[in-house]
Structures are given as C-alpha cells and as structure tokens.
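A.B. asks: Here you go, my_file_25.txt (compact mmCIF, C-alpha atoms):
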# COMPACT_ATOMS: atom_id res chain seq x y z
CA MET A 1 88.44 126.56 79.30
CA LYS A 2 85.19 127.28 77.46
CA ARG A 3 84.96 124.71 74.63
CA ILE A 4 86.51 121.37 75.53
CA MET A 5 87.18 118.36 73.31
CA ILE A 6 87.89 115.00 74.98
CA THR A 7 89.45 111.98 73.29
CA GLY A 8 88.91 108.55 74.81
CA ALA A 9 85.73 109.85 76.42
CA CYS A 10 84.27 106.36 76.92
CA GLY A 11 87.24 105.13 78.96
CA GLN A 12 87.50 104.81 82.72
CA ILE A 13 88.57 108.42 83.29
CA GLY A 14 86.92 109.93 80.23
CA THR A 15 83.41 108.79 81.14
CA GLU A 16 83.38 110.62 84.47
CA LEU A 17 85.48 113.54 83.27
CA THR A 18 83.01 114.24 80.46
CA ALA A 19 80.05 114.26 82.85
CA LYS A 20 81.78 116.54 85.37
CA LEU A 21 82.99 119.03 82.77
CA ARG A 22 79.49 119.25 81.30
CA GLU A 23 78.12 120.05 84.76
CA ILE A 24 80.59 122.91 85.08
CA TYR A 25 80.93 124.29 81.54
CA GLY A 26 77.59 123.28 79.99
CA GLN A 27 76.42 120.23 78.05
CA ASP A 28 76.98 121.77 74.63
CA ASN A 29 80.49 123.02 75.43
CA VAL A 30 82.09 119.61 75.99
CA LEU A 31 82.59 117.39 72.95
CA ALA A 32 83.14 113.70 73.72
CA THR A 33 84.98 111.58 71.15
CA ASP A 34 85.91 107.92 71.12
CA LEU A 35 86.76 105.15 68.69
CA ARG A 36 83.21 103.78 68.82
CA ARG A 37 79.87 105.22 69.74
CA PRO A 38 78.78 104.02 73.19
CA GLU A 39 75.52 102.20 73.82
CA GLU A 40 72.37 104.30 73.98
CA GLY A 41 71.77 105.50 77.50
CA SER A 42 75.43 106.26 78.13
CA ARG A 43 76.01 109.57 79.91
CA VAL A 44 78.62 110.36 77.27
CA LEU A 45 75.75 110.81 74.76
CA GLU A 46 74.02 113.46 76.88
CA GLY A 47 76.02 116.10 74.98
CA PRO A 48 77.83 116.31 71.63
CA PHE A 49 79.67 113.16 70.52
CA GLU A 50 81.85 112.23 67.53
CA GLU A 51 83.47 108.95 66.58
CA LEU A 52 87.23 109.44 66.35
CA ASP A 53 90.24 107.15 65.91
CA VAL A 54 93.03 109.25 67.45
CA THR A 55 95.52 107.88 64.91
CA ASP A 56 93.51 109.75 62.23
CA ALA A 57 95.19 113.15 62.42
CA GLU A 58 93.12 114.80 59.70
CA LYS A 59 89.79 113.84 61.23
CA MET A 60 90.91 114.96 64.70
CA ASP A 61 91.85 118.34 63.26
CA ARG A 62 88.54 118.70 61.41
CA ILE A 63 86.49 117.85 64.49
CA ALA A 64 88.42 120.27 66.72
CA GLU A 65 88.12 123.09 64.19
CA ALA A 66 84.41 122.54 63.59
CA PHE A 67 83.70 122.47 67.33
CA LYS A 68 85.81 125.60 67.87
CA ALA A 69 87.51 123.93 70.83
CA ASP A 70 89.89 125.97 72.97
CA THR A 71 90.97 122.97 75.07
CA ILE A 72 91.77 119.37 74.26
CA MET A 73 91.94 116.66 76.92
CA HIS A 74 93.64 113.65 75.40
CA MET A 75 92.58 110.58 77.41
CA ALA A 76 92.77 107.87 74.72
CA ALA A 77 95.41 105.23 75.54
CA LEU A 78 96.06 101.52 75.83
CA LEU A 79 96.71 100.63 79.49
CA SER A 80 99.64 98.81 81.06
CA ALA A 81 98.73 95.11 81.08
CA THR A 82 96.94 95.34 77.72
CA ALA A 83 99.86 97.21 76.18
CA GLU A 84 102.25 94.39 77.12
CA LYS A 85 100.21 91.97 75.01
CA ASN A 86 100.70 94.07 71.87
CA PRO A 87 103.54 96.54 72.40
CA VAL A 88 103.85 97.71 68.79
CA PHE A 89 100.14 98.53 68.61
CA ALA A 90 100.44 100.26 72.00
CA TRP A 91 103.29 102.46 70.75
CA ASN A 92 101.42 103.42 67.60
CA LEU A 93 98.21 104.22 69.44
CA ASN A 94 99.62 105.86 72.55
CA MET A 95 102.37 107.91 70.92
CA GLY A 96 100.76 108.46 67.52
CA GLY A 97 97.51 109.61 69.11
CA LEU A 98 99.34 111.92 71.51
CA LEU A 99 101.40 113.51 68.75
CA ASN A 100 98.25 114.10 66.68
CA ALA A 101 96.50 115.73 69.65
CA LEU A 102 99.49 117.96 70.38
CA GLU A 103 99.60 119.06 66.76
CA VAL A 104 95.90 119.98 66.89
CA ALA A 105 96.54 121.98 70.06
CA ARG A 106 99.52 123.74 68.46
CA LYS A 107 97.69 124.56 65.25
CA HIS A 108 94.59 125.95 66.97
CA ASN A 109 96.29 127.50 70.02
CA MET A 110 94.47 125.19 72.46
CA GLN A 111 95.13 124.42 76.10
CA PHE A 112 96.16 120.77 76.45
CA PHE A 113 95.91 118.03 79.07
CA THR A 114 96.98 114.40 78.99
CA PRO A 115 97.60 112.08 81.94
CA SER A 116 100.83 110.31 82.69
CA SER A 117 101.10 107.51 85.24
CA ILE A 118 103.14 105.95 88.02
CA GLY A 119 103.95 103.51 85.22
CA ALA A 120 106.48 106.11 84.04
CA PHE A 121 108.70 105.00 86.91
CA GLY A 122 110.82 101.84 86.88
CA PRO A 123 112.68 99.44 89.14
CA ASN A 124 115.60 101.86 89.59
CA THR A 125 113.33 104.66 90.80
CA PRO A 126 113.36 105.27 94.60
CA LYS A 127 110.56 103.06 95.95
CA ASP A 128 109.30 105.15 98.88
CA ASP A 129 108.19 108.79 98.78
CA THR A 130 109.22 108.82 95.13
CA PRO A 131 110.03 112.41 94.19
CA GLN A 132 108.49 114.11 91.18
CA THR A 133 111.87 114.56 89.51
CA THR A 134 113.89 111.36 89.69
CA ILE A 135 115.29 108.56 87.55
CA GLN A 136 112.74 107.05 85.16
CA ARG A 137 113.69 103.81 83.45
CA PRO A 138 110.40 101.88 83.03
CA THR A 139 110.46 98.27 81.86
CA THR A 140 107.03 98.20 80.18
CA MET A 141 105.85 99.58 76.85
CA TYR A 142 103.17 101.56 78.69
CA GLY A 143 105.84 103.10 80.92
CA VAL A 144 108.05 103.92 77.94
CA ASN A 145 105.04 105.59 76.30
CA LYS A 146 104.34 107.64 79.42
CA VAL A 147 107.92 108.88 79.85
CA SER A 148 108.06 109.72 76.15
CA GLY A 149 104.72 111.51 76.45
CA GLU A 150 105.89 113.62 79.38
CA LEU A 151 108.96 114.70 77.41
CA LEU A 152 106.95 115.34 74.26
CA CYS A 153 104.46 117.55 76.10
CA ASP A 154 107.32 119.49 77.69
CA TYR A 155 108.83 119.89 74.22
CA TYR A 156 105.59 121.32 72.79
CA PHE A 157 105.42 123.78 75.70
CA HIS A 158 109.01 124.98 75.38
CA ARG A 159 109.27 124.81 71.57
CA PHE A 160 105.81 125.97 70.47
CA GLY A 161 104.29 127.58 73.57
CA VAL A 162 101.43 125.07 73.80
CA ASP A 163 99.87 125.30 77.28
CA THR A 164 100.43 121.63 78.10
CA ARG A 165 99.59 120.26 81.55
CA GLY A 166 99.50 116.79 83.07
CA VAL A 167 99.66 114.60 86.15
CA ARG A 168 101.05 111.17 86.94
CA PHE A 169 98.01 109.25 88.06
CA PRO A 170 98.23 106.34 90.46
CA GLY A 171 95.69 103.53 90.24
CA LEU A 172 92.22 105.05 89.91
CA ILE A 173 89.24 103.48 91.66
CA SER A 174 85.71 104.00 90.34
CA HIS A 175 82.28 102.38 90.55
CA VAL A 176 81.04 103.98 87.32
CA LYS A 177 83.03 102.01 84.75
CA GLU A 178 84.62 98.64 85.39
CA PRO A 179 88.36 98.02 84.76
CA GLY A 180 90.00 98.20 81.35
CA GLY A 181 93.34 96.40 81.46
CA GLY A 182 95.46 98.19 84.06
CA THR A 183 97.80 96.65 86.61
CA THR A 184 96.06 98.44 89.49
CA ASP A 185 92.60 97.21 88.45
CA TYR A 186 92.49 94.68 91.29
CA ALA A 187 91.59 97.61 93.57
CA VAL A 188 88.43 98.16 91.52
CA GLU A 189 87.54 94.52 90.91
CA ILE A 190 87.78 93.69 94.61
CA TYR A 191 84.85 95.99 95.44
CA PHE A 192 82.58 94.61 92.72
CA LYS A 193 83.39 91.04 93.76
CA ALA A 194 82.83 91.92 97.43
CA VAL A 195 79.27 93.01 96.67
CA ARG A 196 78.47 90.28 94.15
CA GLU A 197 80.19 87.26 95.69
CA GLY A 198 81.58 88.21 99.10
CA LYS A 199 85.06 87.10 98.05
CA TYR A 200 87.88 87.97 95.66
CA THR A 201 90.95 86.27 94.21
CA SER A 202 93.69 88.85 93.72
CA TYR A 203 96.18 88.66 90.87
CA ILE A 204 98.45 91.06 92.82
CA ASP A 205 100.25 89.54 95.80
CA LYS A 206 99.86 90.61 99.42
CA GLY A 207 102.42 93.16 100.54
CA THR A 208 102.56 94.77 97.10
CA PHE A 209 102.01 98.45 97.78
CA MET A 210 100.87 100.82 95.04
CA ASP A 211 99.45 104.32 95.08
CA MET A 212 95.72 104.74 94.51
CA MET A 213 93.14 107.51 94.32
CA PHE A 214 89.34 107.65 94.16
CA MET A 215 88.08 108.80 90.78
CA ASP A 216 86.27 111.85 92.17
CA ASP A 217 89.61 113.16 93.44
CA ALA A 218 91.25 112.41 90.10
CA ILE A 219 88.62 114.38 88.15
CA ASP A 220 88.88 117.28 90.57
CA ALA A 221 92.67 117.25 90.18
CA ILE A 222 92.42 117.54 86.38
CA ILE A 223 90.07 120.48 86.57
CA LYS A 224 92.03 122.23 89.33
CA LEU A 225 95.28 121.92 87.38
CA MET A 226 93.70 123.15 84.15
CA GLU A 227 92.19 126.17 85.90
CA ALA A 228 95.41 127.07 87.74
CA PRO A 229 97.08 130.33 86.64
CA ALA A 230 99.91 129.51 84.23
CA ASP A 231 102.35 131.76 86.06
CA LYS A 232 101.96 129.67 89.22
CA LEU A 233 103.17 126.48 87.53
CA GLU A 234 106.88 125.79 87.81
CA ASP A 235 106.33 122.35 86.30
CA ARG A 236 103.99 121.25 83.53
CA ASN A 237 103.42 117.66 82.58
CA ALA A 238 104.43 115.26 85.29
CA PHE A 239 102.91 116.24 88.63
CA ASN A 240 102.83 113.35 91.08
CA VAL A 241 99.33 112.95 92.56
CA THR A 242 98.11 110.32 95.00
CA ALA A 243 95.76 109.81 97.94
CA MET A 244 96.93 106.54 99.51
CA SER A 245 99.49 103.74 99.29
CA ILE A 246 97.80 100.37 99.82
CA ASP A 247 98.16 96.63 99.30
CA PRO A 248 95.37 94.05 98.82
CA GLU A 249 95.27 93.14 102.52
CA MET A 250 94.58 96.77 103.46
CA VAL A 251 91.70 96.97 100.98
CA ALA A 252 90.26 93.70 102.32
CA ALA A 253 90.49 94.97 105.91
CA SER A 254 88.64 98.12 104.92
CA ILE A 255 85.93 96.10 103.14
CA ARG A 256 85.48 93.89 106.21
CA LYS A 257 84.42 96.96 108.19
CA GLU A 258 81.35 96.95 105.93
CA ILE A 259 81.19 93.23 104.94
CA PRO A 260 82.63 91.26 107.90
CA ASP A 261 82.65 87.87 106.11
CA PHE A 262 84.54 89.10 103.03
CA GLU A 263 87.21 86.61 101.91
CA LEU A 264 90.44 87.37 100.03
CA ASP A 265 92.78 84.84 98.46
CA TYR A 266 95.47 84.97 95.79
CA ASP A 267 96.30 83.65 92.33
CA VAL A 268 99.18 85.89 91.35
CA ASP A 269 99.53 86.87 87.69
CA PRO A 270 103.32 86.96 87.06
CA VAL A 271 103.05 89.58 84.30
CA ARG A 272 101.02 92.10 86.27
CA GLN A 273 102.90 91.31 89.47
CA ALA A 274 106.21 92.08 87.75
CA ILE A 275 104.79 95.37 86.48
CA ALA A 276 103.56 96.29 89.97
CA GLU A 277 106.92 95.47 91.53
CA SER A 278 108.66 97.80 89.08
CA TRP A 279 106.59 100.74 90.34
CA PRO A 280 107.00 102.78 93.54
CA ASN A 281 105.48 101.77 96.86
CA SER A 282 104.49 105.38 97.49
CA ILE A 283 105.00 108.69 95.71
CA ASP A 284 105.48 112.26 96.91
CA ALA A 285 102.71 114.64 95.75
CA SER A 286 104.03 117.73 97.56
CA GLU A 287 104.72 119.72 94.38
CA ALA A 288 101.13 119.35 93.15
CA LYS A 289 99.92 120.52 96.56
CA ARG A 290 102.32 123.48 96.60
CA GLN A 291 101.97 124.69 93.02
CA TRP A 292 98.23 124.33 92.38
CA GLY A 293 96.56 123.19 95.57
CA PHE A 294 96.04 119.47 94.96
CA ASP A 295 93.96 118.23 97.91
CA PRO A 296 92.37 114.74 97.73
CA LYS A 297 89.28 114.25 99.89
CA PHE A 298 88.97 110.43 100.07
CA ASP A 299 91.08 108.09 102.19
CA LEU A 300 90.79 104.28 102.05
CA ASP A 301 87.83 103.90 104.41
CA THR A 302 85.76 106.78 103.00
CA MET A 303 86.44 105.46 99.50
CA THR A 304 85.40 101.93 100.53
CA LYS A 305 82.09 103.14 101.92
CA GLU A 306 81.37 105.11 98.75
CA MET A 307 82.36 102.24 96.44
CA LEU A 308 80.30 99.58 98.23
CA SER A 309 77.25 101.83 98.56
CA ALA A 310 77.31 102.82 94.88
CA ILE A 311 77.87 99.26 93.64
CA ARG A 312 75.02 97.93 95.80
CA GLU A 313 72.73 100.58 94.41
CA LYS A 314 73.75 99.70 90.86
CA GLU A 315 73.32 95.97 91.44
CA ASN A 316 69.84 96.43 92.93
CA LYS A 317 68.46 98.40 89.99
Would you write the structure of this file as structure tokens?
C.D. replies:
Amino acid sequence: MKRIMITGACGQIGTELTAKLREIYGQDNVLATDLRRPEEGSRVLEGPFEELDVTDAEKMDRIAEAFKADTIMHMAALLSATAEKNPVFAWNLNMGGLLNALEVARKHNMQFFTPSSIGAFGPNTPKDDTPQTTIQRPTTMYGVNKVSGELLCDYYFHRFGVDTRGVRFPGLISHVKEPGGGTTDYAVEIYFKAVREGKYTSYIDKGTFMDMMFMDDAIDAIIKLMEAPADKLEDRNAFNVTAMSIDPEMVAASIRKEIPDFELDYDVDPVRQAIAESWPNSIDASEAKRQWGFDPKFDLDTMTKEMLSAIREKENK
C-alpha cells in the first residue's frame, strides 16, 4: 500500500483508520472520502478529502483515478439497527456501494479491503467458539448484506484476481467517535454515560454475550492483514477477529473498578435485543492468528481504563 483511498472516512472506524494510515504512509498518501464534508477541525481534514456518495460509481472511479490510488478501503455502510429501519435503502447503499468499490479496484488493479461483521452469522450458527467457516443464515438486512459482501469479494478475487481482504469485526469500542446505530453500541455508550452521569440504562439485557474489541486493535488488524504476504493467506474475506466476549454486567463490573458508585439498569430494546440474540456468544479467531498474526492487545480491564481516561480528558477540555 502506497496510495490509499478510504470511503466512509468519517464513520466510527474510518475516522481512526484514516489518522493511523496517515501516520504510517504519509498525510498526502491517504485520501479520505465521505458523503459529506466533516466539520472544520476534524482530523479527517488534515490530509486530502473528497465528498463522495458511494452509490455514484462514475465519481468514485474519477476520484480513484485522479488520486492514483493503489488501495481502496471501503468502510461506508449502514449499520445493523439503522439498517432494520430502512432495509431497502440499506441494501442499495451497502451492496451498491460495495459493488462500485470492487469495480474500481478491478479496473485500476487496486488492493481492496472491506469489513464484514459478526452480524453475518444467524440464529442457526453455533453460538460458542463460532468457527470461521460455518452456517450463515442471518435474520437482519445488515447480516444479509454482510454475507453477500463476503461472497462478492471472494468472487472478485477468484474471477478477476482482485486482491480482496476482509475481517468479521465484533462490536468495536472507541472514545474518538460516538456510536452510529449498531447493536453493540451499548458497550460504547456505557463508558460515556459512566463519566458524564455515573449511571447507564442498557438496551441490551444482562447475560447477553457478544464479542467486542477495542478500536486500536481493530485498526491494527486491518493494517496487519493488508500488509500480510498474499501467499500466506488461505482465506480472504471473512476472518473472524475478536478480543473478548462480554455482557453488560461484565462491563459494569470493570467500570466499578474505576468508578465504584457506577449504576447499571435496563430498558431492553426488543429490536436490538433480538438482533443480539441471533449472533454468537463468542467466536473463534484462531485462523486470523495463524494465517497473518492477529494479536489483540486490550482486554476488558485495560480497555476500560483507556476509555474512561480518554473520555474524562475530552470532557474536561
């Protein structure tokens, strides 16, 4: 990777991915794109930026060609809970945007990354230590999009030789950008509420286990996978990655080590709860570790300390 174009650069992952890639590859070698220009002062504007609707195939192609990109990281997507509110729009954005990005990569011989998700699994998937290759019958539009995307990326690799790569992300936890409509977002909101109010009402019920990972580990995983030698990869577009399997009570217990009086109660959202219950309790990331050295650094308690410290600093500015 030398010249990298990112779609959805203002999203939860894209914001931090853009900053990290610019640190490594140089400010001018990472082009951020998103549907709208972010507010002045955003880190995304510290290097090149273009407004781009990913459903506009011609504009995406023009931007990539003008930038002379050799890599495209397609991060633009509508997330799980939001997608359920408007499934037709979600299909058109998630699948149309992905197809456009793959076509740009094919046409210009670019390396390609896009994330999948634990949302690609469904209620018939084994719930514990979910293997990388297993039954996938998701019951959400987001999940259907992710399974379709995994297959489409595999198709572009086998049919056209596009160097497609991807991971199935669990819930991602970050203090940089607040949540954007995902089912796992409670695990981000709980930290902000802990600092601001000392209490949190969870829309996900106690005992509901889902995989999570700190954003720093997620960004490192993307870069490590993209830099891995192609001949070492037996798989391509659906590597399971995770750092921890947790429920709200575990997060609260970790927070109480730093904020002893923290209170947690529940007002369960049936839509997001149903989505969460259709996903695995824990997934097996052994193939990512074996094939390209995936190695997350943060566990629950180290992540909690980092989250609370960073949010306090932000709140006190």
A.B. asks: Quote the spacing between CA of Leu31 (chain A) and CA of Asn94 (chain A) in Å to one decimal place.
C.D. replies: 20.6 Å
A.B. asks: Nearest to Glu103 (chain A) among A:Asp247, A:Glu306, A:Asp128, A:Glu58, with distances taken over all atoms listed in the file: which residue is it?
C.D. replies: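 Of the candidates, the smallest distance to Glu103 (chain A) is held by A:Glu58.
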A.B. asks: Just want the 6 Å neighbourhood of region 184-200 of chain A, counted on all atoms listed in the file, with same-chain residues fewer than 6 positions away dropped. Output as a PyMOL selection string.
C.D. replies: chain A and resi 171+173+262-264
A.B. asks: A:Leu93, A:Leu233, A:Leu172, A:Val104: which is nearest Asp217 (chain A), counting only C-alpha atoms?
C.D. replies: A:Leu172
A.B. asks: Can you report as AutoDock Vina command-line options the centre and edge lengths in Å, to one decimal, of an axis-aligned box around the listed atoms of region 18-24 of chain A padded with 5 Å on each side?
C.D. replies:
--center_x 80.6 --center_y 118.6 --center_z 82.9 --size_x 14.9 --size_y 18.7 --size_z 14.9
